[in-house]
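*Asks:* Got a file for you: target36.txt, compact mmCIF, C-alpha atoms.
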```txt
# COMPACT_ATOMS: atom_id res chain seq x y z
CA MET O 1 17.07 -11.94 -25.49
CA THR O 2 18.58 -14.32 -22.97
CA THR O 3 17.79 -13.77 -19.32
CA ASP O 4 21.33 -12.55 -18.66
CA ALA O 5 21.50 -10.05 -21.52
CA LEU O 6 19.49 -7.38 -19.71
CA PRO O 7 21.61 -7.22 -16.52
CA THR O 8 24.75 -7.23 -18.71
CA GLY O 9 23.42 -4.38 -20.83
CA LEU O 10 22.37 -2.46 -17.73
CA ALA O 11 25.81 -2.99 -16.18
CA ALA O 12 27.47 -1.45 -19.24
CA LEU O 13 25.11 1.53 -19.08
CA VAL O 14 25.50 2.08 -15.35
CA ARG O 15 29.32 1.91 -15.60
CA ARG O 16 29.29 4.58 -18.32
CA ALA O 17 26.98 6.72 -16.19
CA ALA O 18 29.19 6.29 -13.12
CA HIS O 19 32.32 7.28 -15.04
CA PRO O 20 31.26 9.87 -17.61
CA GLY O 21 33.87 10.44 -20.32
CA ALA O 22 36.02 7.48 -19.30
CA GLN O 23 36.77 4.78 -21.88
CA ASP O 24 36.73 1.95 -19.37
CA CYS O 25 35.78 1.47 -15.78
CA SER O 26 38.86 0.79 -13.70
CA CYS O 27 37.46 1.71 -10.31
CA GLY O 28 37.47 -1.90 -9.13
CA VAL O 29 33.88 -1.79 -7.89
CA THR O 30 31.87 -4.83 -8.94
CA ASP O 31 28.37 -4.53 -10.36
CA THR O 32 25.54 -5.75 -8.15
CA VAL O 33 22.16 -6.93 -9.44
CA LEU O 34 19.84 -5.48 -6.78
CA ALA O 35 16.66 -6.91 -8.35
CA ASP O 36 15.82 -9.03 -11.39
CA ARG O 37 12.08 -9.61 -11.60
CA ASP O 38 9.36 -9.47 -14.24
CA ASP O 39 8.46 -5.93 -13.15
CA GLY O 40 11.96 -4.49 -13.12
CA THR O 41 15.69 -5.20 -13.17
CA VAL O 42 18.04 -3.01 -11.13
CA VAL O 43 21.85 -2.99 -11.37
CA ARG O 44 24.17 -0.97 -9.12
CA HIS O 45 27.69 0.22 -9.82
CA GLY O 46 29.17 2.16 -6.92
CA ASP O 47 26.97 5.16 -6.27
CA THR O 48 24.91 4.75 -9.46
CA VAL O 49 21.89 2.54 -10.16
CA ALA O 50 20.22 1.69 -13.48
CA LYS O 51 16.64 0.44 -13.51
CA ALA O 52 15.05 -1.35 -16.47
CA HIS O 53 11.32 -0.82 -16.12
CA ALA O 54 8.72 -3.51 -16.80
CA PRO O 55 8.17 -4.56 -20.44
CA GLY O 56 5.44 -2.45 -21.99
CA THR O 57 6.08 0.58 -19.76
CA ASP O 58 4.86 3.72 -21.54
CA PRO O 59 7.96 5.97 -21.81
CA GLU O 60 5.91 9.17 -21.77
CA GLU O 61 3.92 8.23 -18.68
CA LEU O 62 7.13 7.12 -17.00
CA ALA O 63 8.75 10.47 -17.85
CA VAL O 64 5.96 12.34 -16.05
CA ARG O 65 6.35 10.02 -13.04
CA VAL O 66 10.14 10.53 -12.99
CA SER O 67 9.60 14.30 -13.20
CA VAL O 68 7.64 14.11 -9.93
CA ALA O 69 10.67 12.52 -8.24
CA ALA O 70 12.88 15.29 -9.63
CA ALA O 71 10.48 17.96 -8.34
CA LEU O 72 10.13 16.54 -4.80
CA PRO O 73 13.70 15.72 -3.69
CA ASP O 74 12.66 15.86 0.01
CA VAL O 75 10.13 13.08 -0.49
CA LEU O 76 11.30 10.95 -3.42
CA LEU O 77 14.84 9.96 -4.39
CA PRO O 78 15.54 12.28 -7.34
CA PRO O 79 16.77 10.74 -10.62
CA LEU O 80 20.30 11.38 -11.93
CA SER O 81 18.76 12.45 -15.22
CA SER O 82 15.27 13.12 -16.49
CA ALA O 83 16.19 11.31 -19.72
CA SER O 84 15.66 7.57 -20.15
CA ALA O 85 17.67 5.08 -22.21
CA ARG O 86 16.71 1.90 -24.08
CA VAL O 87 18.42 -1.38 -23.28
CA HIS O 88 17.16 -4.58 -24.95
CA ASP O 89 13.84 -2.94 -25.74
CA ARG O 90 13.33 -1.82 -22.14
CA THR O 91 13.10 1.74 -20.85
CA VAL O 92 15.94 2.41 -18.41
CA THR O 93 16.36 5.25 -15.90
CA LEU O 94 19.39 6.22 -13.78
CA TRP O 95 19.34 6.92 -10.03
CA PRO O 96 21.76 7.53 -7.18
CA TYR O 97 22.23 4.56 -4.83
CA GLY O 98 20.45 4.73 -1.48
CA THR O 99 20.73 2.35 1.47
CA PRO O 100 17.53 0.33 2.01
CA VAL O 101 15.94 -0.84 5.27
CA ASP O 102 17.73 -4.04 6.27
CA PRO O 103 15.30 -6.90 5.54
CA GLU O 104 16.90 -8.85 8.42
CA THR O 105 15.82 -6.18 10.95
CA PRO O 106 12.34 -5.02 9.86
CA GLU O 107 11.66 -4.02 13.48
CA ALA O 108 14.10 -1.15 12.81
CA ALA O 109 11.74 0.17 10.10
CA PRO O 110 11.52 3.98 10.26
CA TRP O 111 7.73 4.16 10.66
CA GLU O 112 7.75 7.86 11.66
CA ALA O 113 9.66 8.72 8.51
CA VAL O 114 7.32 6.63 6.34
CA GLY O 115 4.29 8.43 7.78
CA ALA O 116 5.87 11.86 7.33
CA LEU O 117 7.01 11.13 3.74
CA LEU O 118 3.57 9.90 2.71
CA ALA O 119 1.86 12.93 4.28
CA ARG O 120 4.19 15.26 2.38
CA LEU O 121 3.68 13.33 -0.86
CA HIS O 122 -0.11 13.42 -0.50
CA ARG O 123 -0.04 17.18 0.13
CA ALA O 124 2.16 17.95 -2.89
CA ALA O 125 0.62 19.16 -6.15
CA ALA O 126 0.48 16.58 -8.94
CA PRO O 127 1.70 17.81 -12.33
CA ALA O 128 -0.68 18.01 -15.29
CA GLY O 129 -0.77 14.79 -17.27
CA LEU O 130 0.19 12.51 -14.38
CA PRO O 131 -1.65 9.20 -14.92
CA PRO O 132 -3.69 7.45 -12.21
CA MET O 133 -1.86 5.63 -9.41
CA ARG O 134 -1.65 1.94 -10.27
CA GLY O 135 -2.43 0.30 -6.93
CA PRO O 136 -5.87 -1.03 -7.89
CA ALA O 137 -4.47 -2.30 -11.22
CA LYS O 138 -1.80 -4.24 -9.32
CA ALA O 139 -4.41 -5.73 -7.01
CA ALA O 140 -6.46 -6.78 -10.06
CA ARG O 141 -3.36 -8.37 -11.58
CA ALA O 142 -2.72 -10.37 -8.40
CA VAL O 143 -6.30 -11.65 -8.41
CA ALA O 144 -5.99 -12.57 -12.10
CA ARG O 145 -2.81 -14.48 -11.27
CA LEU O 146 -4.69 -16.39 -8.57
CA GLY O 147 -7.42 -17.22 -11.08
CA ALA O 148 -4.83 -18.47 -13.60
CA ALA O 149 -3.06 -20.62 -11.00
CA GLY O 150 -5.93 -23.13 -10.95
CA PRO O 151 -8.23 -24.30 -8.15
CA HIS O 152 -7.10 -24.02 -4.53
CA PRO O 153 -9.26 -24.50 -1.42
CA ALA O 154 -8.20 -21.12 0.02
CA ALA O 155 -9.07 -19.18 -3.16
CA ALA O 156 -12.84 -18.93 -2.58
CA PRO O 157 -12.84 -16.52 0.41
CA VAL O 158 -10.22 -14.35 -1.29
CA LEU O 159 -12.26 -14.08 -4.49
CA ARG O 160 -15.44 -13.40 -2.47
CA ALA O 161 -13.74 -10.54 -0.60
CA TRP O 162 -12.51 -9.15 -3.93
CA ALA O 163 -15.98 -9.27 -5.51
CA ALA O 164 -17.45 -7.26 -2.60
CA LEU O 165 -15.11 -4.30 -3.22
CA PRO O 166 -16.29 -1.21 -5.13
CA GLY O 167 -15.29 -1.02 -8.80
CA TRP O 168 -12.60 1.61 -8.29
CA ALA O 169 -10.67 -0.65 -5.90
CA ARG O 170 -10.73 -3.43 -8.54
CA ALA O 171 -9.50 -1.09 -11.34
CA GLU O 172 -12.87 -1.41 -13.06
CA ALA O 173 -13.95 2.21 -12.50
CA PRO O 174 -12.13 5.52 -12.04
CA MET O 175 -10.98 6.24 -8.50
CA PRO O 176 -13.13 8.71 -6.51
CA ASP O 177 -10.02 10.92 -6.06
CA THR O 178 -8.30 12.07 -9.27
CA THR O 179 -6.06 14.82 -7.88
CA THR O 180 -4.10 13.53 -4.85
CA LEU O 181 -0.51 12.49 -5.52
CA CYS O 182 0.03 8.87 -4.38
CA HIS O 183 2.96 6.42 -4.41
CA GLY O 184 0.85 3.42 -5.40
CA ASP O 185 3.02 0.57 -4.07
CA LEU O 186 4.27 1.38 -0.59
CA HIS O 187 6.18 -1.28 1.35
CA LEU O 188 9.40 -1.28 3.35
CA GLY O 189 11.46 -2.05 0.25
CA GLN O 190 10.47 1.38 -1.11
CA LEU O 191 12.58 3.34 1.39
CA VAL O 192 16.23 4.29 1.14
CA ARG O 193 18.40 6.72 3.05
CA ARG O 194 21.11 8.81 1.51
CA PRO O 195 23.82 9.59 2.28
CA GLU O 196 24.75 6.62 4.44
CA PRO O 197 24.47 6.11 7.38
CA ALA O 198 22.25 8.91 8.73
CA GLY O 199 20.90 10.76 5.71
CA PRO O 200 17.16 11.38 5.44
CA TRP O 201 14.82 8.57 4.34
CA LEU O 202 13.28 8.93 0.88
CA LEU O 203 10.74 6.97 -1.15
CA ILE O 204 11.83 5.17 -4.32
CA ASP O 205 10.11 3.45 -7.27
CA VAL O 206 7.82 5.78 -9.20
CA ASP O 207 6.44 3.06 -11.52
CA ASP O 208 3.01 3.02 -9.85
CA LEU O 209 2.98 6.67 -8.73
CA GLY O 210 0.03 8.77 -9.85
CA VAL O 211 -3.15 10.51 -8.81
CA GLY O 212 -5.70 8.58 -6.78
CA VAL O 213 -7.04 7.64 -3.36
CA PRO O 214 -4.27 8.37 -0.82
CA ALA O 215 -5.61 5.78 1.64
CA TRP O 216 -4.11 3.20 -0.72
CA ASP O 217 -0.61 4.18 0.43
CA LEU O 218 -1.55 3.58 4.08
CA ALA O 219 -3.40 0.39 3.30
CA ARG O 220 -0.54 -2.10 3.30
CA PRO O 221 0.55 -1.29 6.89
CA ALA O 222 -3.15 -1.04 7.78
CA ALA O 223 -3.78 -4.50 6.33
CA TRP O 224 -0.78 -6.00 8.17
CA TYR O 225 -2.04 -4.46 11.41
CA ALA O 226 -5.61 -5.62 10.82
CA CYS O 227 -4.40 -9.16 10.10
CA GLY O 228 -2.57 -9.21 13.45
CA LEU O 229 0.87 -9.22 11.79
CA LEU O 230 2.12 -5.67 12.45
CA PRO O 231 2.33 -4.92 16.19
CA PRO O 232 -0.06 -2.13 17.32
CA ASP O 233 2.76 0.18 18.45
CA GLU O 234 4.37 0.14 14.99
CA TRP O 235 1.03 0.83 13.31
CA HIS O 236 0.38 3.72 15.71
CA ARG O 237 3.80 5.25 15.22
CA PHE O 238 3.16 5.25 11.47
CA LEU O 239 -0.40 6.57 11.65
CA ALA O 240 0.44 9.24 14.25
CA ALA O 241 3.35 10.54 12.16
CA TYR O 242 1.12 10.67 9.08
CA ARG O 243 -1.49 12.67 10.99
CA ARG O 244 1.09 14.92 12.65
CA HIS O 245 2.31 15.96 9.19
CA GLY O 246 -1.18 16.74 7.98
CA GLY O 247 -1.73 13.72 5.76
CA PRO O 248 -5.15 14.01 4.08
CA ALA O 249 -6.04 10.31 3.68
CA VAL O 250 -7.60 9.96 7.15
CA PRO O 251 -9.41 12.37 9.51
CA ALA O 252 -7.03 14.27 11.80
CA ASP O 253 -8.34 12.33 14.81
CA GLY O 254 -10.88 9.68 15.66
CA ASP O 255 -11.39 6.34 13.96
CA PRO O 256 -9.34 6.12 10.72
CA TRP O 257 -10.96 2.88 9.56
CA PRO O 258 -13.94 4.24 7.60
CA ALA O 259 -11.35 5.97 5.37
CA LEU O 260 -8.97 2.99 5.23
CA ASP O 261 -11.38 0.07 5.03
CA VAL O 262 -11.76 -0.42 1.26
CA ALA O 263 -8.08 0.01 0.45
CA ALA O 264 -6.96 -2.17 3.39
CA ARG O 265 -9.33 -4.91 2.21
CA ALA O 266 -7.98 -4.62 -1.33
CA LEU O 267 -4.35 -4.93 -0.16
CA THR O 268 -5.28 -7.87 2.07
CA VAL O 269 -6.89 -9.58 -0.94
CA GLN O 270 -3.85 -8.77 -3.11
CA THR O 271 -1.46 -10.21 -0.50
CA ALA O 272 -3.60 -13.34 -0.04
CA ALA O 273 -3.95 -13.88 -3.81
CA LEU O 274 -0.20 -13.65 -4.37
CA ALA O 275 0.50 -15.90 -1.37
CA ILE O 276 -1.74 -18.65 -2.75
CA ALA O 277 -0.42 -18.29 -6.33
CA LYS O 278 3.19 -18.39 -5.13
CA SER O 279 2.63 -21.33 -2.79
CA MET O 280 1.04 -23.28 -5.68
CA ALA O 281 3.90 -22.40 -8.03
CA ALA O 282 6.45 -23.51 -5.44
CA GLY O 283 4.51 -26.60 -4.39
CA GLN O 284 4.66 -25.38 -0.79
CA PRO O 285 1.85 -25.32 1.78
CA LEU O 286 0.67 -21.94 3.08
CA ASP O 287 2.40 -20.84 6.27
CA GLU O 288 0.63 -19.34 9.30
CA VAL O 289 1.28 -15.75 8.23
CA GLN O 290 -0.21 -16.33 4.78
CA GLN O 291 -3.11 -18.19 6.39
CA ALA O 292 -3.75 -15.17 8.68
CA VAL O 293 -4.22 -12.97 5.59
CA ILE O 294 -6.59 -15.49 3.97
CA ASP O 295 -8.55 -15.80 7.24
CA ALA O 296 -9.01 -12.00 7.21
CA CYS O 297 -10.46 -12.24 3.67
CA ASP O 298 -12.86 -14.89 4.97
CA ARG O 299 -14.05 -12.62 7.81
CA MET O 300 -14.65 -9.76 5.34
CA GLY O 301 -17.62 -11.74 4.00
CA THR O 302 -19.52 -11.03 7.21
CA VAL O 303 -19.07 -7.22 7.12
CA PRO O 304 -19.68 -5.15 3.95
CA PRO O 305 -17.02 -2.58 3.01
CA GLU O 306 -17.38 0.87 4.58
CA LEU O 307 -18.13 3.67 2.16
CA ALA O 308 -15.63 6.16 3.42
CA ARG O 309 -16.89 9.49 2.19
CA GLY O 310 -20.27 9.34 3.82
CA PHE O 311 -18.77 8.84 7.26
CA ALA O 312 -15.28 10.30 7.22
CA SER O 313 -15.31 13.26 9.54
CA MET R 1 -32.31 -2.78 -1.55
CA GLN R 2 -31.86 -0.28 -4.37
CA CYS R 3 -31.32 3.44 -4.03
CA PRO R 4 -34.58 5.33 -4.80
CA LYS R 5 -32.55 8.16 -6.34
CA CYS R 6 -29.86 6.52 -8.53
CA HIS R 7 -30.89 2.81 -8.31
CA ALA R 8 -27.43 1.58 -7.27
CA PRO R 9 -27.37 -1.13 -4.57
CA MET R 10 -27.54 0.04 -0.96
CA HIS R 11 -25.45 -1.53 1.81
CA THR R 12 -26.37 -1.79 5.46
CA TYR R 13 -24.10 -0.43 8.19
CA ASN R 14 -24.37 -0.42 11.91
CA ARG R 15 -23.58 2.90 13.53
CA ASN R 16 -23.85 2.92 17.31
CA GLY R 17 -26.46 0.21 17.15
CA VAL R 18 -28.51 1.95 14.45
CA GLN R 19 -28.91 0.20 11.08
CA ILE R 20 -28.25 2.58 8.21
CA GLU R 21 -28.53 1.95 4.47
CA GLN R 22 -26.03 3.81 2.32
CA CYS R 23 -26.04 3.90 -1.48
CA SER R 24 -22.84 2.58 -3.11
CA GLY R 25 -23.40 4.99 -6.00
CA CYS R 26 -24.50 8.44 -4.85
CA ARG R 27 -23.69 7.72 -1.13
CA GLY R 28 -27.13 8.89 -0.06
CA ILE R 29 -28.41 7.50 3.23
CA PHE R 30 -31.77 5.89 3.94
CA LEU R 31 -33.16 5.83 7.47
CA ASP R 32 -36.03 3.61 8.56
CA TYR R 33 -38.82 4.89 10.83
CA GLY R 34 -37.37 5.84 14.23
CA GLU R 35 -33.73 5.60 13.15
CA LEU R 36 -33.22 9.37 12.99
CA GLU R 37 -34.53 9.64 16.55
CA ALA R 38 -32.23 6.79 17.61
CA LEU R 39 -29.25 8.60 16.10
CA THR R 40 -30.23 11.84 17.85
CA ARG R 41 -30.38 9.95 21.16
CA VAL R 42 -26.91 8.50 20.57
CA GLU R 43 -25.62 11.95 19.70
CA ALA R 44 -27.05 13.39 22.95
CA GLN R 45 -25.35 10.63 24.96
CA TRP R 46 -22.11 11.33 23.10
CA SER R 47 -22.07 14.99 24.14
CA GLN R 48 -22.53 14.08 27.83
CA PRO R 49 -19.34 13.57 29.84
CA ALA R 50 -17.95 10.10 29.35
CA PRO R 51 -18.04 7.70 32.32
CA PRO R 52 -14.65 6.94 33.89
CA PRO R 53 -12.83 4.04 32.26
CA ALA R 54 -13.59 0.68 33.84
CA ALA R 55 -10.02 -0.54 34.20
CA PRO R 56 -6.61 0.43 32.90
CA GLN R 57 -5.62 -1.51 29.78
CA ALA R 58 -2.26 -3.02 28.99
CA TYR R 59 -2.48 -1.44 25.52
CA PRO R 60 -4.55 1.60 24.57
CA SER R 61 -7.59 0.23 22.79
CA ALA R 62 -6.79 0.59 19.13
CA PRO R 63 -9.49 0.90 16.50
CA ALA R 64 -9.36 -1.98 14.06
CA PRO R 65 -11.76 -3.14 11.33
CA ALA R 66 -14.49 -5.65 12.16
CA TRP R 67 -12.79 -8.16 9.85
CA GLY R 68 -9.49 -7.80 11.72
CA ALA R 69 -7.70 -10.57 13.55
CA PRO R 70 -9.42 -11.63 16.79
CA GLN R 71 -6.37 -10.89 18.96
CA HIS R 72 -6.91 -7.12 18.55
CA GLY R 73 -7.49 -5.37 21.83
CA GLY R 74 -5.36 -7.96 23.57
CA HIS R 75 -1.71 -8.39 22.95
CA GLY R 76 -1.94 -7.79 19.20
CA GLY R 77 0.72 -8.63 16.66
CA HIS R 78 0.48 -12.36 17.22
CA TYR R 79 2.90 -13.02 14.37
CA GLY R 80 4.71 -9.71 14.73
CA GLY R 81 5.97 -9.64 18.26
CA HIS R 82 9.54 -9.79 19.32
CA HIS R 83 10.56 -12.68 17.09
CA ARG R 84 9.01 -11.64 13.83
CA HIS R 85 7.94 -14.49 11.57
CA LYS R 86 10.26 -14.88 8.57
CA SER R 87 7.35 -15.00 6.15
CA PHE R 88 6.01 -11.69 7.49
CA GLY R 89 9.48 -10.18 7.21
CA HIS R 90 9.40 -11.06 3.53
CA MET R 91 5.84 -9.69 3.16
CA LEU R 92 6.96 -6.31 4.55
CA PHE R 93 9.38 -5.88 1.67
CA SER R 94 7.46 -7.09 -1.40
CA SER R 95 4.72 -5.80 -3.68
```
Taking this structure as input, can you express it in the form of C-alpha cells?
*Replies:*
Amino acid sequence: MTTDALPTGLAALVRRAAHPGAQDCSCGVTDTVLADRDDGTVVRHGDTVAKAHAPGTDPEELAVRVSVAAALPDVLLPPLSSASARVHDRTVTLWPYGTPVDPETPEAAPWEAVGALLARLHRAAAPAGLPPMRGPAKAARAVARLGAAGPHPAAAPVLRAWAALPGWARAEAPMPDTTTLCHGDLHLGQLVRRPEPAGPWLLIDVDDLGVGVPAWDLARPAAWYACGLLPPDEWHRFLAAYRRHGGPAVPADGDPWPALDVAARALTVQTAALAIAKSMAAGQPLDEVQQAVIDACDRMGTVPPELARGFAS
Amino acid sequence: MQCPKCHAPMHTYNRNGVQIEQCSGCRGIFLDYGELEALTRVEAQWSQPAPPPAAPQAYPSAPAPAWGAPQHGGHGGHYGGHHRHKSFGHMLFSS
C-alpha cells in the first residue's frame, strides 16, 4: 500500500456515502484530508467524514465504542452508521462533519461545554463488553517511544516521574475503576459543534473510549494548568462546569488535586516524553513550553504521588 | 516501609503538618505515636471560625499540586496569558 492509497480509498468511500445511490459525485465539493497520521486517517466530503482507524484496531471492540456514541448523541457525535467498512485492510467508520475549535484561537475554547460534556459522559452507563479506556496505554506508548528515541539529557526526570506512578497509570495493572465511562484522550481537537455556527459542542473520537478512572479525562487540562501553561481562569471555568454538572471524578468541592494527582502526573509525563521524542526526530531543541512540562516531571521526584481514594472526600 | 497487613510499600504524605504513611496496595494508613492526637488538634482548629483573610488577592488562591509550576498563586499561566505560545497552542490540540 502506498501512502496515498488510503486517503484515495477513503475519498471514494466517503463520496459514495455522501451521495447514496448516485453513480458519480457531481456536487463539485472537493475532498479534504482532515488528518493523516499513524493512528488514523480522516477524509471529509461535504457533510460526511470517513475515518480509517489505526492498524490493528479490533473491529469488535471498536463496534462497542461506536455504539456508545450512537447511544449518547447529546455527548458524543453520533456515527452515520453503526456498520464499519474495510479500506486497504483498515477498519473505516462514517460520521457527520462537525466544526472543530479553531486552533488559531485556542483562547476561544468552550471550557464550560467541555466540563459539562465530560460530567455527562462520566455519569452515563457503560454498555456490557466495553473495553477499558486506553489513556494509560497511550501514556505507556509515549514513554516507550521516548526510550526508543535514544539518550537525551531531559529523559531522566521524565522516566523517574513515570516509574513513581502506580501500575494502573502505567497500563501495567487494571485501573481501580472498571465501571465509569471515560473518553480516554481528551484535548481541544476532540470537540466539534454541529450544526454550524451555533450548534451544541460534542465530543468526537471514540478510539480510546472505555471504562476506567474518570480523572484521566480531566488530567490533560489539569496538567497544563499545573505546568503553568493554562491560565487559572480557564482551568477554573472547566473544573467548575464539570462540578456543576455532577461530574464524579473529583469531590463536589474542596481540593480536587488528591483525585487528579496521579492522572495529571501521567499526562504530564506523556506530554514530556512525546515532546522529547519529537524534538529528537526533528533535530530541534526543546522550546520553553516543552521545557516547562519536563521541569514539572523533575519536581515530581520530590513529592510522591497522592493516593486518591484514601483522601478524596 | 512495608505495610504490616498486605506488605506493599507505604508512602509518606504530609497532611496539615502531620506525617502519614499510606499503603500503595490496600490504602491502609499508619500513624506514628502522637500523630492521631495531632490530627485531632488540627481538626478542632478547622472547625473553629477561620481568621479574616490577611489581604485581598489579585487572583483567588487556586489549589495546585506541589509539583506545579512556581508561578502558581501569582499571575499564573506564564506561557498561557494573552499571547499564547504557539507550541502550547499545538499541545492543546494533540494527543
*Asks:* Should the cut-off be 7 Å, what would the residue list for chain O against chain R look like, counting all atoms listed in the file, as a list in words?
*Replies:*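 Using all atoms listed in the file, chain O residues at most 7 Å from chain R: Pro103, Pro106, Asp185, His187, Leu188, Gly189, Ala226, Cys227, Gly228, Leu229, Leu230, Pro231, Pro232, Asp255, Trp257, Val289, Ala296, Arg299, Met300, Val303 and Gly310 of chain O.
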*Asks:* Store the residues of this selection in a file with C-alpha atoms, as a PDB file, keeping the file's coordinate frame.
*Replies:*
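Output file part.pdb is given in full below:
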```pdb
ATOM      1  CA  PRO O 103      15.300  -6.900   5.540  1.00  0.00           C
ATOM      2  CA  PRO O 106      12.340  -5.020   9.860  1.00  0.00           C
ATOM      3  CA  ASP O 185       3.020   0.570  -4.070  1.00  0.00           C
ATOM      4  CA  HIS O 187       6.180  -1.280   1.350  1.00  0.00           C
ATOM      5  CA  LEU O 188       9.400  -1.280   3.350  1.00  0.00           C
ATOM      6  CA  GLY O 189      11.460  -2.050   0.250  1.00  0.00           C
ATOM      7  CA  ALA O 226      -5.610  -5.620  10.820  1.00  0.00           C
ATOM      8  CA  CYS O 227      -4.400  -9.160  10.100  1.00  0.00           C
ATOM      9  CA  GLY O 228      -2.570  -9.210  13.450  1.00  0.00           C
ATOM     10  CA  LEU O 229       0.870  -9.220  11.790  1.00  0.00           C
ATOM     11  CA  LEU O 230       2.120  -5.670  12.450  1.00  0.00           C
ATOM     12  CA  PRO O 231       2.330  -4.920  16.190  1.00  0.00           C
ATOM     13  CA  PRO O 232      -0.060  -2.130  17.320  1.00  0.00           C
ATOM     14  CA  ASP O 255     -11.390   6.340  13.960  1.00  0.00           C
ATOM     15  CA  TRP O 257     -10.960   2.880   9.560  1.00  0.00           C
ATOM     16  CA  VAL O 289       1.280 -15.750   8.230  1.00  0.00           C
ATOM     17  CA  ALA O 296      -9.010 -12.000   7.210  1.00  0.00           C
ATOM     18  CA  ARG O 299     -14.050 -12.620   7.810  1.00  0.00           C
ATOM     19  CA  MET O 300     -14.650  -9.760   5.340  1.00  0.00           C
ATOM     20  CA  VAL O 303     -19.070  -7.220   7.120  1.00  0.00           C
ATOM     21  CA  GLY O 310     -20.270   9.340   3.820  1.00  0.00           C
TER      22      GLY O 310
END
```
*Asks:* Could you tell me how far atom CA of O:Gln290 lies from atom CA of O:Leu274, in Å and to one decimal?
*Replies:*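 Spanning atom CA of O:Gln290 to atom CA of O:Leu274 is a straight-line distance of 9.5 Å.
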*Asks:* What gap, in Å, lies between atom CA of O:Thr99 and atom CA of O:Ala113?
*Replies:*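 Distance between the two atoms: 14.6 Å.
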*Asks:* Report as a ChimeraX atom specification all protein, DNA and RNA residues lying within 6 Å of stretch 217-225 of chain O, evaluated on all atoms listed in the file, omitting residues in the same chain fewer than 4 positions from it.
*Replies:* /O:186,229-230,263-264,267-268
*Asks:* Quote the spacing between atom CA of O:Arg160 and atom CA of R:Lys5 in Å to one decimal place.
*Replies:*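 So the two atoms, atom CA of O:Arg160 and atom CA of R:Lys5, lie 27.8 Å apart.
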